[in-house]
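Visitor: Starting off with a structure, shown below.
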Amino acid sequence: MKNFSNEPFTNFALAENAAAIKSALAQVRQELGKKYPLYIGGETIYTDEVIISTNPADENEVIGNVSKANLELADKAIDTAFQTFNNWSKVEPGERAMYLFKAAELMRQRKHYFSAWLVLEAGKNWAEADADTAEAIDFMNYYANEMLRYANPPQLVTVNGEYNKMKYIPLGVGVVIPPWNFPLAIMAGMTVASVVTGNTVVLKPASATPVIAAKFMELLREVGLPDGVVNYLPGSGGAIGDYLVSHKLTRFINFTGSKEVGLRISELAAKVSPGQKWIKRVAAEMGGKDSIIVDETADLDKAAQGIVASAFGFQGQKCSACSRAIVVERVYDEVIEKVLTLMPKLTQGSPEENFPMGPVIEKRAMEKILEYIEIGKQEASLILGGERLGEKGWFVKPTIFKDVPPTARISLEEIFGPVLAFIKVKDFDEALQVVNNTEYGLTGSLYTRNRENIRRAKEEFNVGNLYFNRKCTGALVGVHPFGGFNMSGTCSKAGGIDYLGLFMQMKITSEVL
Ligand code: NAD
C-alpha cells in the first residue's frame, strides 16, 4: 500500500509551468486529426465509420477521427470481456492494483500532455485541465490502495470449531459509460475502479471526448494491462448503449451522465434478457441543480467569489456547478453587486490561450443553453450576458438572472452551462425550503457565520456533498467522496471508501476444521 496524497495542482503563474503546458500543446497539435482504433481483446480495429471529434473553440479543427462500433462489434466486446473475466478475476488483487499504480505514475510524468488534450478536445483552460488530470491520477492511486484494503477484510468469528471467512469477489462484465465533462478523471476513475476489483469491462466513452479516452487506453496498454480487461468501444450512446446495457452477459453498469440517460439505463437494466443469470447492478451518477445560500451574517466578499467560481468554472459544465444563488433579502442586492463587480475579470476566449472562460462542449449544448436563456428572459430579469459570443466555436456569454421565482424552470432544471439564477428569500427558513425544492440533491454550499444555521443545514440541506463558506465545486478524491441524492443518482461516492464495494460481492465460506 502506498501513502495516498492528492496530486498537487500546477501553478501556471510560474513561467516554467506555463512553458511546459505550451510545449505539451504544441506536441498535441502535431498529433491532431489522427485516426484511432477500437481495442477489443488483443485486436486493434479500424472502422470505416468514425466519430469526428472537434475543438469546441473552433469547430473546423478536427481533434481526431475515432472508429465507431456497431452492434456486431459491441457483441464482440462483451463476449471478449466475458472470456477474459475467467483469468482476470483470478489475478491477485495486489497485481491488479500494480497496473493502476504504474498508470498513475506514467500519467504523472506526462501530466501536461494529457492536460493539453483536455484543453483542445474539451475546451478546458489550463487550470481546469490540470485539475482533471490530477484527479485521474488520484483515482488510480486511491482505488489501487483501496483494493489492497478490501483484499484483507476484517475476519469473522470462529464458532464451534467452524472456520468462517469472508472475501470480496468480482461481479463479472461491466459496461462503463462516462460523461464528457471530466473526460479523463471520471472516465478513468469509473474504469479502473471496475477492473481493479477483478471485473472486465467494455468502456464506451462519451462521443464528444473519445480521443482523450483513446489516450488513456494507450496508457493502459503501455503498462501491460492484459488484453480484454478494458475493451474500448466508442459509439453512439443511443445505437450501442441500449444494446450493451441489455446484453445478457452484462453484470453491471457504471454510468455517469444526465438524469434522462441514467433513468433509461436503470429501467433497461432492470429487465431480464433471455439467458441472463443475475440481477444487474447499476451505479448511476446523474445531474445536479446546485445551490449556494448566503445569509445576512456571511462574509459577502467571500460569498461572491465562491458563487462566481462555482457558477462559471469550466463554463458551468460541472454537475456540482452552482446554478442557484439563494440570498436572504437583507443582503440580496449587495451580493449581486459584488458578483457583478467580479464578472469583468472572467474574460472569454481560447482555452489554449488560457482565458478564464472558454466555449461550451458542442453546438447542441450551446443551443440548449441559449433556449434556457430565452426561457429565463420570460421568467426573470436578465442582468448579464444572455447570448452567444462570436460566430466561431461554441461560446456562450456568462449569464445572470435575478429575481428568479423558486419554481421557475431555470430554477429547477439542469442547464449545464454558464447560467446563474439569483433567488431572493425572506430568511434562512425560506432558503432551506428553496434549496430542497428540486428533484436533485448533489452539492450545495452555505455562507454564514451563524453556528445554528450551520447545524440546521447539516440536517436539512439535502445534498450528498455540502460545503460551508467555500465553493460547491472541486471535490477531491479521498477528501470529499462525491455523489448525490434523489435524481442526482445512486450516491455511489466516487473517491470514497465504499466505492469499490459497488463492483464486488461478498462470499462467505464456513469450514469445519
Ligand atoms: P449524457 O447522459 O448525455 O451522456 C453520458 C454518457 O451516456 C455518454 O457516454 C453517452 O454517449 C451515453 N449515452 C447516451 N445515451 C445512451 C443510452 N441510451 N444508453 C447508454 N449510454 C448512453 O451526459 P453528458 O452530457 O455526457 O454529461 C453531462 C451530464 O452528466 C450532466 O447531467 C451532469 O450533471 C452529469 N454528471 C454527473 C456527475 C456526477 O457525479 N453526479 C459527474 C459529471 C457529470
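Starting from 1 in every chain, residues are counted up; chains themselves are A, B, ... following the order of the C-alpha cells, and ligands are numbered from 1 as listed.
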As a quick test: using only C-alpha atoms and all ligand atoms, which residues lie no more than 8 Å away from ligand 1? Give them as a ChimeraX atom specification.
Guide: /A:177-182,186,204-208,235-245,255-262,264-265,284-288,317-320,414,416,442,482-484,488-489,494
Visitor: I want to know what sits within 7 Å of segment 273-282 of chain A, based on only C-alpha atoms, with residues of the same chain fewer than 3 positions away left out; could you give that as a PDB file with N, CA, C and O atoms, in the first residue's frame?
Guide:
ATOM      1  N   SER A 246     -28.486  -3.911 -22.185  1.00  0.00           N
ATOM      2  CA  SER A 246     -29.462  -5.016 -22.165  1.00  0.00           C
ATOM      3  C   SER A 246     -28.823  -6.389 -22.336  1.00  0.00           C
ATOM      4  O   SER A 246     -29.495  -7.407 -22.145  1.00  0.00           O
ATOM      5  N   HIS A 247     -27.564  -6.417 -22.706  1.00  0.00           N
ATOM      6  CA  HIS A 247     -26.923  -7.702 -23.039  1.00  0.00           C
ATOM      7  C   HIS A 247     -26.996  -8.690 -21.862  1.00  0.00           C
ATOM      8  O   HIS A 247     -26.764  -8.312 -20.721  1.00  0.00           O
ATOM      9  N   LYS A 248     -27.263  -9.938 -22.189  1.00  0.00           N
ATOM     10  CA  LYS A 248     -27.435 -10.935 -21.112  1.00  0.00           C
ATOM     11  C   LYS A 248     -26.147 -11.171 -20.328  1.00  0.00           C
ATOM     12  O   LYS A 248     -26.177 -11.604 -19.177  1.00  0.00           O
ATOM     13  N   LEU A 249     -24.991 -10.915 -20.952  1.00  0.00           N
ATOM     14  CA  LEU A 249     -23.726 -11.156 -20.245  1.00  0.00           C
ATOM     15  C   LEU A 249     -23.271  -9.956 -19.413  1.00  0.00           C
ATOM     16  O   LEU A 249     -22.301 -10.044 -18.668  1.00  0.00           O
ATOM     17  N   ARG A 251     -23.099  -7.714 -16.399  1.00  0.00           N
ATOM     18  CA  ARG A 251     -23.408  -7.967 -14.985  1.00  0.00           C
ATOM     19  C   ARG A 251     -23.685  -6.671 -14.232  1.00  0.00           C
ATOM     20  O   ARG A 251     -24.451  -6.642 -13.284  1.00  0.00           O
ATOM     21  N   PHE A 252     -22.972  -5.576 -14.651  1.00  0.00           N
ATOM     22  CA  PHE A 252     -23.219  -4.286 -14.000  1.00  0.00           C
ATOM     23  C   PHE A 252     -22.965  -3.141 -14.969  1.00  0.00           C
ATOM     24  O   PHE A 252     -22.272  -3.307 -15.986  1.00  0.00           O
ATOM     25  N   ILE A 253     -23.555  -2.007 -14.657  1.00  0.00           N
ATOM     26  CA  ILE A 253     -23.357  -0.809 -15.476  1.00  0.00           C
ATOM     27  C   ILE A 253     -22.879   0.294 -14.549  1.00  0.00           C
ATOM     28  O   ILE A 253     -23.486   0.556 -13.509  1.00  0.00           O
ATOM     29  N   ASN A 254     -21.770   0.908 -14.932  1.00  0.00           N
ATOM     30  CA  ASN A 254     -21.238   2.024 -14.165  1.00  0.00           C
ATOM     31  C   ASN A 254     -21.411   3.273 -15.035  1.00  0.00           C
ATOM     32  O   ASN A 254     -20.674   3.471 -16.000  1.00  0.00           O
ATOM     33  N   SER A 266     -31.241   2.581 -16.041  1.00  0.00           N
ATOM     34  CA  SER A 266     -31.740   1.883 -14.868  1.00  0.00           C
ATOM     35  C   SER A 266     -32.954   1.019 -15.233  1.00  0.00           C
ATOM     36  O   SER A 266     -33.080  -0.134 -14.799  1.00  0.00           O
ATOM     37  N   ALA A 269     -31.832  -1.917 -17.546  1.00  0.00           N
ATOM     38  CA  ALA A 269     -31.036  -2.905 -16.805  1.00  0.00           C
ATOM     39  C   ALA A 269     -31.919  -3.772 -15.911  1.00  0.00           C
ATOM     40  O   ALA A 269     -31.554  -4.894 -15.573  1.00  0.00           O
ATOM     41  N   ALA A 270     -33.071  -3.232 -15.533  1.00  0.00           N
ATOM     42  CA  ALA A 270     -33.961  -3.990 -14.642  1.00  0.00           C
ATOM     43  C   ALA A 270     -34.663  -5.135 -15.369  1.00  0.00           C
ATOM     44  O   ALA A 270     -35.139  -6.079 -14.746  1.00  0.00           O
TER      45      ALA A 270
END
Visitor: Pick out the residues sitting within 10 Å of Ala81 of chain A, and hand them over as a ChimeraX atom specification; count only C-alpha atoms, and ignore anything fewer than 6 positions along from it in its own chain.
Guide: /A:40-41,75,88,172-175,199-202,227-231,249-250
Visitor: Store the residues of this selection in a file with N, CA, C and O atoms, as a compact mmCIF listing (two decimals), in the first residue's frame.
Guide:
# COMPACT_ATOMS: atom_id res chain seq x y z
N ILE A 40 -10.42 -4.28 -28.86
CA ILE A 40 -11.23 -5.37 -28.31
C ILE A 40 -10.30 -6.57 -28.12
O ILE A 40 -9.73 -7.06 -29.10
N GLY A 41 -10.11 -6.99 -26.87
CA GLY A 41 -9.12 -8.02 -26.60
C GLY A 41 -7.77 -7.53 -27.12
O GLY A 41 -7.40 -6.37 -26.96
N ASP A 75 -21.13 -6.65 -29.54
CA ASP A 75 -21.30 -8.04 -29.12
C ASP A 75 -19.95 -8.70 -28.90
O ASP A 75 -19.72 -9.39 -27.90
N TRP A 88 -8.81 -12.88 -15.47
CA TRP A 88 -8.55 -11.64 -14.74
C TRP A 88 -9.10 -11.70 -13.32
O TRP A 88 -8.49 -11.20 -12.38
N GLY A 172 -18.32 -9.58 -12.63
CA GLY A 172 -18.37 -10.10 -13.99
C GLY A 172 -18.05 -9.00 -14.99
O GLY A 172 -17.16 -8.18 -14.76
N VAL A 173 -18.85 -8.95 -16.05
CA VAL A 173 -18.61 -7.95 -17.10
C VAL A 173 -19.36 -6.66 -16.78
O VAL A 173 -20.57 -6.68 -16.54
N GLY A 174 -18.63 -5.56 -16.81
CA GLY A 174 -19.25 -4.26 -16.59
C GLY A 174 -19.26 -3.43 -17.86
O GLY A 174 -18.39 -3.58 -18.72
N VAL A 175 -20.26 -2.56 -17.96
CA VAL A 175 -20.28 -1.57 -19.04
C VAL A 175 -20.04 -0.22 -18.39
O VAL A 175 -20.78 0.16 -17.47
N ASN A 199 -13.13 -7.24 -12.21
CA ASN A 199 -14.09 -7.34 -13.31
C ASN A 199 -13.40 -6.99 -14.62
O ASN A 199 -12.31 -6.40 -14.63
N THR A 200 -14.06 -7.31 -15.72
CA THR A 200 -13.60 -6.85 -17.03
C THR A 200 -14.69 -5.93 -17.58
O THR A 200 -15.86 -6.06 -17.19
N VAL A 201 -14.29 -4.99 -18.45
CA VAL A 201 -15.30 -4.01 -18.87
C VAL A 201 -15.27 -3.73 -20.36
O VAL A 201 -14.27 -3.95 -21.05
N VAL A 202 -16.40 -3.18 -20.80
CA VAL A 202 -16.48 -2.51 -22.09
C VAL A 202 -16.62 -1.03 -21.76
O VAL A 202 -17.53 -0.64 -21.02
N ASP A 227 -4.77 -7.84 -22.29
CA ASP A 227 -5.79 -7.62 -23.33
C ASP A 227 -7.14 -8.11 -22.85
O ASP A 227 -7.24 -9.16 -22.20
N GLY A 228 -8.17 -7.39 -23.20
CA GLY A 228 -9.54 -7.84 -22.92
C GLY A 228 -10.07 -7.42 -21.56
O GLY A 228 -11.24 -7.61 -21.26
N VAL A 229 -9.18 -6.85 -20.71
CA VAL A 229 -9.67 -6.40 -19.39
C VAL A 229 -10.48 -5.12 -19.58
O VAL A 229 -11.58 -4.98 -19.04
N VAL A 230 -9.93 -4.19 -20.36
CA VAL A 230 -10.71 -2.99 -20.75
C VAL A 230 -10.84 -3.04 -22.27
O VAL A 230 -9.84 -3.05 -22.99
N ASN A 231 -12.06 -3.09 -22.75
CA ASN A 231 -12.32 -3.09 -24.18
C ASN A 231 -12.90 -1.73 -24.54
O ASN A 231 -13.92 -1.32 -23.99
N LEU A 249 -24.99 -10.91 -20.95
CA LEU A 249 -23.73 -11.16 -20.25
C LEU A 249 -23.27 -9.96 -19.41
O LEU A 249 -22.30 -10.04 -18.67
N THR A 250 -23.95 -8.82 -19.57
CA THR A 250 -23.59 -7.64 -18.76
C THR A 250 -24.03 -7.88 -17.33
O THR A 250 -25.19 -8.20 -17.06
Visitor: Tell me, in Å to one decimal, how far atom CA of Leu340 of chain A is from atom CA of Phe312 of chain A.
Guide: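 Between atom CA of Leu340 of chain A and atom CA of Phe312 of chain A the gap is 12.6 Å.
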Visitor: Hey, which of A:Ile361, A:Leu203, A:Leu342, A:Val335 ends up closest to Gln315 of chain A? Count only C-alpha atoms.
Guide: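 Of A:Ile361, A:Leu203, A:Leu342, A:Val335, the one nearest Gln315 of chain A is A:Ile361, counting only C-alpha atoms.
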Visitor: What are the DSSP strand (DSSP E) residues of segment 202-241 of chain A, as a PyMOL selection string?
Guide: chain A and resi 202-203+230-232
Visitor: What would the file look like if the residues just selected were written as a PDB file, in the first residue's frame with N, CA and C atoms?
Guide:
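To be explicit, this is the file written out as out28.pdb:
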ATOM      1  N   VAL A 202     -16.404  -3.180 -20.802  1.00  0.00           N
ATOM      2  CA  VAL A 202     -16.482  -2.511 -22.092  1.00  0.00           C
ATOM      3  C   VAL A 202     -16.616  -1.035 -21.756  1.00  0.00           C
ATOM      4  N   LEU A 203     -15.675  -0.247 -22.238  1.00  0.00           N
ATOM      5  CA  LEU A 203     -15.683   1.194 -21.974  1.00  0.00           C
ATOM      6  C   LEU A 203     -16.219   1.917 -23.205  1.00  0.00           C
ATOM      7  N   VAL A 230      -9.932  -4.187 -20.365  1.00  0.00           N
ATOM      8  CA  VAL A 230     -10.708  -2.994 -20.753  1.00  0.00           C
ATOM      9  C   VAL A 230     -10.845  -3.043 -22.272  1.00  0.00           C
ATOM     10  N   ASN A 231     -12.056  -3.093 -22.747  1.00  0.00           N
ATOM     11  CA  ASN A 231     -12.318  -3.087 -24.183  1.00  0.00           C
ATOM     12  C   ASN A 231     -12.897  -1.729 -24.542  1.00  0.00           C
ATOM     13  N   TYR A 232     -12.183  -1.043 -25.431  1.00  0.00           N
ATOM     14  CA  TYR A 232     -12.507   0.361 -25.743  1.00  0.00           C
ATOM     15  C   TYR A 232     -13.450   0.393 -26.945  1.00  0.00           C
TER      16      TYR A 232
END
Visitor: Between atom CA of Lys90 of chain A and atom CA of Leu171 of chain A, what distance in Å does the model show, to one decimal?
Guide: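 Here the two named atoms are 12.2 Å from each other.
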Visitor: Quick one: distance from atom CA of Met140 of chain A to atom CA of Val192 of chain A in Å, one decimal?
Guide: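 These two atoms are separated by 6.6 Å.
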Visitor: Just checking: using only C-alpha atoms, which residue out of A:Arg149, A:Lys471, A:Lys22, A:Lys215 ends up closest to Ala103 of chain A?
Guide: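 Ranked by minimum distance to Ala103 of chain A, first place goes to A:Lys215.
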Visitor: Which residues come within 12 Å of Tyr163 of chain A, counting only C-alpha atoms, excluding same-chain residues fewer than 2 positions away, as a list in words?
Guide: Gln155, Leu156, Val157, Thr158, Val159, Asn160, Gly161, Lys165, Met166, Ile508, Thr509, Ser510, Glu511, Val512 and Leu513 of chain A
Visitor: Would you kindly return, as a PyMOL selection string, each protein, DNA or RNA residue with an atom no farther than 12 Å from any atom of Ala408 of chain A, considering only C-alpha atoms and excluding same-chain residues fewer than 3 positions away?
Guide: chain A and resi 324+372+375-380+401-405+411-414+421-423+434+437-438
Visitor: Of the residues A:Ala57, A:Ala122, A:Ala193, A:Ala188, which is the one nearest to Gly390 of chain A, using only C-alpha atoms?
Guide: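 Closest to Gly390 of chain A of all the choices is A:Ala57.
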